[in-house]
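Read through the structure below, which is laid out as structure tokens, and then see the notes.
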Amino acid sequence: MNTEETKKLYDQYLMATYKPTVVISKAKGSRVYDASGKQYYDMTSGIGVHNVGHCTEGVVKAVQEQVAKLGHCSNLFINEPQALLAKKLVEISGLDGKVFFCNSGAEANEAAIKLARKWGAENGGRYEIVTMRNSFHGRTLATITATGQAWCQAGYDPLPVGFNYADFNDIDSVKAAVSDKTVAIMVEAVQGEGGVNPATEEFMAGVRALCDEKNLIMICDEVQCGMGRTGKWWGWQNYSVKPDLFTSAKSLADGVPMGALVSNAKFADVFTAGAHASTFGGNPLASAAALAVIKIIEDEKLLDAAVRKGELLREGLKGFVEKYSKILDVRGIGCMLGMVVDGDPKEIVDAFQDMGILALTAHGNVVRFLPTLSMSENHIEEAVEMMGDALDGLYGDAE
Ligand SMILES: *Cc1c(COP(=O)(O)O)cnc(C)c1O
């Protein structure tokens, strides 16, 4: 099929929740190809999914072998990859607790919310969760309510009760949002959709101290900033604190849908038999893929690479700040970077796409970059040059 034919099927048969323009038909490493064979540097990693790169050999092999042996068996039975993966996630987080597996970021956050409410019901009848304005936690009813952004809640009333909002990086605002019904505080160490906003050390330490003082659960949503994205396994590891619970998804199993909720020892046994469940959660296929992802990040030292490559990309983007008055600032950690622009970031993302670079927008006039951690230095340099050409086209190189 050519692009027009595929688009026609989209128009006729798919609910119009997205507005895609390009048909992607194959990928390798940090590059994807459209139906006509045009090449793009994928600096979205499929929205933070392919941290180790597209179609990476170790993942392809692990998935092929596992699907041919045992793809799924339900959680009524024990499967070895799930056991090994849970052990690995506990080890690389240093949280000393246990894991619950599901299939997406929203579901992982939903599990965290349910765990917090169950514990709160047993500890003083508390149920409120404080979340941050401009956060993003998913698209289920509970997680759009947790998400402190009106645009994704509009039209879905009545929303679940029990969420209070505070300003990110403002600990006094969080303190003001806590009541005697509060059971948990949920934060992203680096807000993704919300505009690539890293938390300050003061804020993370303040949230931790508040949770300790008031016997609250500190939940970190690591769906986007986890799995090596910031140069640490987890975004919160850039700070002096440890959360009680954190969630992962996106890059966890490199495109095989998977989410996880990881706890410390204190909250490891709140979920008892029958308290929560997922048919696909932790199935052998997804678990084998995630084990392969973790092995690649370790073997290829992609945590260090994320820091190095993020620095290289940041330098390139800073050059744009110097050259173009419409490019205002660069922020982020590791390979999670945002370029703040004066105007509509979509215009820039479209121009980049024409030039052969895929990037994302984020709230607050931000062009967001989530390149694969395996993208080579040469490719990053080439991508920066191509983006420069696109910006020259938009703003003129005389500026
Ligand atoms: C993408 C995202 C989610 C939602 O994940 P889904 O897999 O789309 O449900 C939740 N939290 C954060 C921080 C995200 O970036």
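Simple scheme: letters A, B, ... for chains in structure tokens order, numbers from 1 for residues in each chain, numbers from 1 for ligands in the order shown.
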### Task
Compute the set of protein, DNA and RNA residues whose minimum atom distance to ligand 1 is at most 9 Å, using only C-alpha atoms and all ligand atoms, and state it as number ranges by chain.
A: 47-48, 103-109, 135-140, 143, 147, 187-188, 190-194, 221-225, 247-250, 257-259
#### Entry: Shell around Glu65 in chain A at 12 Å using only C-alpha atoms, local window under 4 positions removed, as a list in words
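My reading of the contact set: Gly58, Val59, Val60, Lys61, Lys69, Leu70, Gly71, Pro284, Leu285, Ala288, Ala289 and Ala292 of chain A.
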May I have the selected residues written with N, CA and C atoms, as a PDB file, in the first residue's frame?
```
ATOM      1  N   GLY A  58      19.700  -7.891  20.478  1.00  0.00           N
ATOM      2  CA  GLY A  58      19.453  -8.651  21.703  1.00  0.00           C
ATOM      3  C   GLY A  58      17.976  -8.766  22.045  1.00  0.00           C
ATOM      4  N   VAL A  59      17.219  -7.695  21.791  1.00  0.00           N
ATOM      5  CA  VAL A  59      15.779  -7.724  22.088  1.00  0.00           C
ATOM      6  C   VAL A  59      15.047  -8.585  21.057  1.00  0.00           C
ATOM      7  N   VAL A  60      15.396  -8.392  19.786  1.00  0.00           N
ATOM      8  CA  VAL A  60      14.745  -9.168  18.715  1.00  0.00           C
ATOM      9  C   VAL A  60      14.915 -10.663  18.990  1.00  0.00           C
ATOM     10  N   LYS A  61      16.125 -11.050  19.345  1.00  0.00           N
ATOM     11  CA  LYS A  61      16.423 -12.464  19.581  1.00  0.00           C
ATOM     12  C   LYS A  61      15.662 -12.987  20.808  1.00  0.00           C
ATOM     13  N   LYS A  69       8.711 -20.237  22.497  1.00  0.00           N
ATOM     14  CA  LYS A  69       8.760 -21.202  23.599  1.00  0.00           C
ATOM     15  C   LYS A  69       7.515 -21.108  24.485  1.00  0.00           C
ATOM     16  N   LEU A  70       7.227 -19.893  24.972  1.00  0.00           N
ATOM     17  CA  LEU A  70       6.051 -19.658  25.817  1.00  0.00           C
ATOM     18  C   LEU A  70       5.777 -18.159  25.816  1.00  0.00           C
ATOM     19  N   GLY A  71       4.721 -17.747  25.107  1.00  0.00           N
ATOM     20  CA  GLY A  71       4.428 -16.318  25.007  1.00  0.00           C
ATOM     21  C   GLY A  71       3.645 -15.817  26.197  1.00  0.00           C
ATOM     22  N   PRO A 284       5.531 -13.935  29.927  1.00  0.00           N
ATOM     23  CA  PRO A 284       6.907 -14.317  29.574  1.00  0.00           C
ATOM     24  C   PRO A 284       7.474 -13.495  28.420  1.00  0.00           C
ATOM     25  N   LEU A 285       6.629 -13.160  27.445  1.00  0.00           N
ATOM     26  CA  LEU A 285       7.112 -12.414  26.280  1.00  0.00           C
ATOM     27  C   LEU A 285       7.621 -11.027  26.678  1.00  0.00           C
ATOM     28  N   ALA A 288      10.720 -11.236  29.012  1.00  0.00           N
ATOM     29  CA  ALA A 288      11.961 -11.590  28.310  1.00  0.00           C
ATOM     30  C   ALA A 288      12.506 -10.371  27.569  1.00  0.00           C
ATOM     31  N   ALA A 289      11.591  -9.581  26.962  1.00  0.00           N
ATOM     32  CA  ALA A 289      12.020  -8.366  26.252  1.00  0.00           C
ATOM     33  C   ALA A 289      12.664  -7.395  27.239  1.00  0.00           C
ATOM     34  N   ALA A 292      16.093  -8.389  28.314  1.00  0.00           N
ATOM     35  CA  ALA A 292      17.069  -8.109  27.245  1.00  0.00           C
ATOM     36  C   ALA A 292      17.424  -6.623  27.219  1.00  0.00           C
TER      37      ALA A 292
END
```
### Task
For Lys114 in chain A, list every protein, DNA or RNA residue within 10 Å, evaluated using only C-alpha atoms, and leave out those in the same chain fewer than 5 positions away; present the list as a PyMOL selection string.
chain A and resi 108-109+119-120+127+142+270-271+275-276
### Who sits within 10 Å of Gly364 in chain A, only C-alpha atoms, same chain under 5 positions skipped, as a ChimeraX atom specification
/A:134,193-196,340-345
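The closest residue to Asp350 in chain A, picked from A:Val330, A:Leu394, A:Ala273, A:Ala116 and counting only C-alpha atoms, is A:Leu394.
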### Query
Between A:Gly231, A:Gly274, A:Pro198, A:Gly338, which is the closest to Thr372 in chain A once you count only C-alpha atoms?
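Using only C-alpha atoms, Thr372 in chain A sits closest to A:Gly231.
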### Query
Can you list every residue in range 144-325 of chain A that DSSP puts in alpha helix (DSSP H), as a PyMOL selection string?
chain A and resi 144-146+171-177+201-214+284-299+302-323
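Reported to one decimal place, the separation of CA of Tyr239 in chain A from CA of Asn169 in chain A is 13.3 Å.
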### Task
Would you please extract all strand (DSSP E) residues from range 80-326 of chain A, as assigned by DSSP on the backbone, and give them as a PyMOL selection string?
chain A and resi 96-102+128-132+163-166+182-187+190-191+197-198+217-221+245-248+259-264
### Distance query Ser93 in chain A at most 12 Å, only C-alpha atoms, self and fewer than 4 positions along chain excluded, as an MDAnalysis selection string
chainID A and resid 86:89 97:99 222 226:228 232:237 241:248 261:264
Might you pull out every residue within 8 Å of Phe369 in chain A, with only C-alpha atoms counted and same-chain residues fewer than 2 positions away left off, and present them as a PDB file with N, CA, C and O atoms, in the first residue's frame?
```pdb
ATOM      1  N   MET A  43      14.334  11.082  16.938  1.00  0.00           N
ATOM      2  CA  MET A  43      14.732  11.691  18.212  1.00  0.00           C
ATOM      3  C   MET A  43      13.548  11.769  19.169  1.00  0.00           C
ATOM      4  O   MET A  43      13.521  12.576  20.106  1.00  0.00           O
ATOM      5  N   THR A  44      12.572  10.865  18.932  1.00  0.00           N
ATOM      6  CA  THR A  44      11.472  10.658  19.881  1.00  0.00           C
ATOM      7  C   THR A  44      11.595   9.284  20.534  1.00  0.00           C
ATOM      8  O   THR A  44      10.949   9.017  21.539  1.00  0.00           O
ATOM      9  N   CYS A 335      19.502  12.380  28.176  1.00  0.00           N
ATOM     10  CA  CYS A 335      18.888  12.367  26.849  1.00  0.00           C
ATOM     11  C   CYS A 335      17.406  12.711  26.898  1.00  0.00           C
ATOM     12  O   CYS A 335      16.604  12.213  26.095  1.00  0.00           O
ATOM     13  N   MET A 336      17.019  13.530  27.860  1.00  0.00           N
ATOM     14  CA  MET A 336      15.644  14.036  27.947  1.00  0.00           C
ATOM     15  C   MET A 336      15.763  15.553  27.933  1.00  0.00           C
ATOM     16  O   MET A 336      15.998  16.182  28.968  1.00  0.00           O
ATOM     17  N   LEU A 337      15.657  16.137  26.728  1.00  0.00           N
ATOM     18  CA  LEU A 337      15.951  17.563  26.578  1.00  0.00           C
ATOM     19  C   LEU A 337      14.776  18.316  25.960  1.00  0.00           C
ATOM     20  O   LEU A 337      14.055  17.781  25.113  1.00  0.00           O
ATOM     21  N   GLY A 338      14.613  19.551  26.395  1.00  0.00           N
ATOM     22  CA  GLY A 338      13.566  20.406  25.854  1.00  0.00           C
ATOM     23  C   GLY A 338      14.169  21.716  25.393  1.00  0.00           C
ATOM     24  O   GLY A 338      15.064  22.261  26.035  1.00  0.00           O
ATOM     25  N   ALA A 359      10.944  14.815  16.149  1.00  0.00           N
ATOM     26  CA  ALA A 359      11.008  15.346  17.513  1.00  0.00           C
ATOM     27  C   ALA A 359       9.580  15.501  18.011  1.00  0.00           C
ATOM     28  O   ALA A 359       8.624  15.284  17.262  1.00  0.00           O
ATOM     29  N   LEU A 360       9.424  15.882  19.280  1.00  0.00           N
ATOM     30  CA  LEU A 360       8.099  15.984  19.890  1.00  0.00           C
ATOM     31  C   LEU A 360       7.868  17.406  20.380  1.00  0.00           C
ATOM     32  O   LEU A 360       8.822  18.155  20.577  1.00  0.00           O
ATOM     33  N   VAL A 367      10.030  22.169  22.319  1.00  0.00           N
ATOM     34  CA  VAL A 367      10.336  21.056  21.405  1.00  0.00           C
ATOM     35  C   VAL A 367      11.102  20.047  22.247  1.00  0.00           C
ATOM     36  O   VAL A 367      12.102  20.385  22.885  1.00  0.00           O
ATOM     37  N   PRO A 371      16.087  11.154  22.227  1.00  0.00           N
ATOM     38  CA  PRO A 371      16.787  10.280  21.283  1.00  0.00           C
ATOM     39  C   PRO A 371      17.084   8.916  21.907  1.00  0.00           C
ATOM     40  O   PRO A 371      17.075   8.789  23.134  1.00  0.00           O
TER      41      PRO A 371
END
```
### Atom-to-atom span, CA of Cys211 in chain A and CA of Glu91 in chain A, Å
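Atom-to-atom, CA of Cys211 in chain A to CA of Glu91 in chain A, that is 23.5 Å.
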### Query
Can you tell me, as a PyMOL selection string, what residues are no more than 9 Å from Thr131 in chain A when counting only C-alpha atoms, ignoring any on the same chain fewer than 5 positions away?
chain A and resi 146-148+163-168+174+184-187
Written selection (C-alpha atoms) as a CSV table (one decimal), in the first residue's frame:
```
chain,number,residue,atom,x,y,z
A,146,ALA,CA,-4.0,12.7,38.7
A,147,THR,CA,-2.7,14.5,35.6
A,148,GLY,CA,-2.8,18.2,36.6
A,163,PHE,CA,-6.8,14.3,44.0
A,164,ASN,CA,-5.4,17.7,45.0
A,165,TYR,CA,-3.0,19.7,42.9
A,166,ALA,CA,0.2,21.6,43.8
A,167,ASP,CA,2.8,23.6,41.9
A,168,PHE,CA,5.8,21.6,40.7
A,174,VAL,CA,2.6,20.9,48.2
A,184,ALA,CA,0.4,10.1,49.0
A,185,ILE,CA,2.4,12.6,46.9
A,186,MET,CA,3.0,11.7,43.2
A,187,VAL,CA,5.7,13.4,41.2
```
### Query
Restricting the calculation to only C-alpha atoms, which member of A:Ile113, A:Ala62, A:Ile144, A:Met204 is positioned closest to Leu159 in chain A?
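Checking each of A:Ile113, A:Ala62, A:Ile144, A:Met204 against Leu159 in chain A, counting only C-alpha atoms, the winner is A:Ile144.
Interatomic distance, CA of Tyr395 in chain A to CA of Phe352 in chain A: 13.1 Å.
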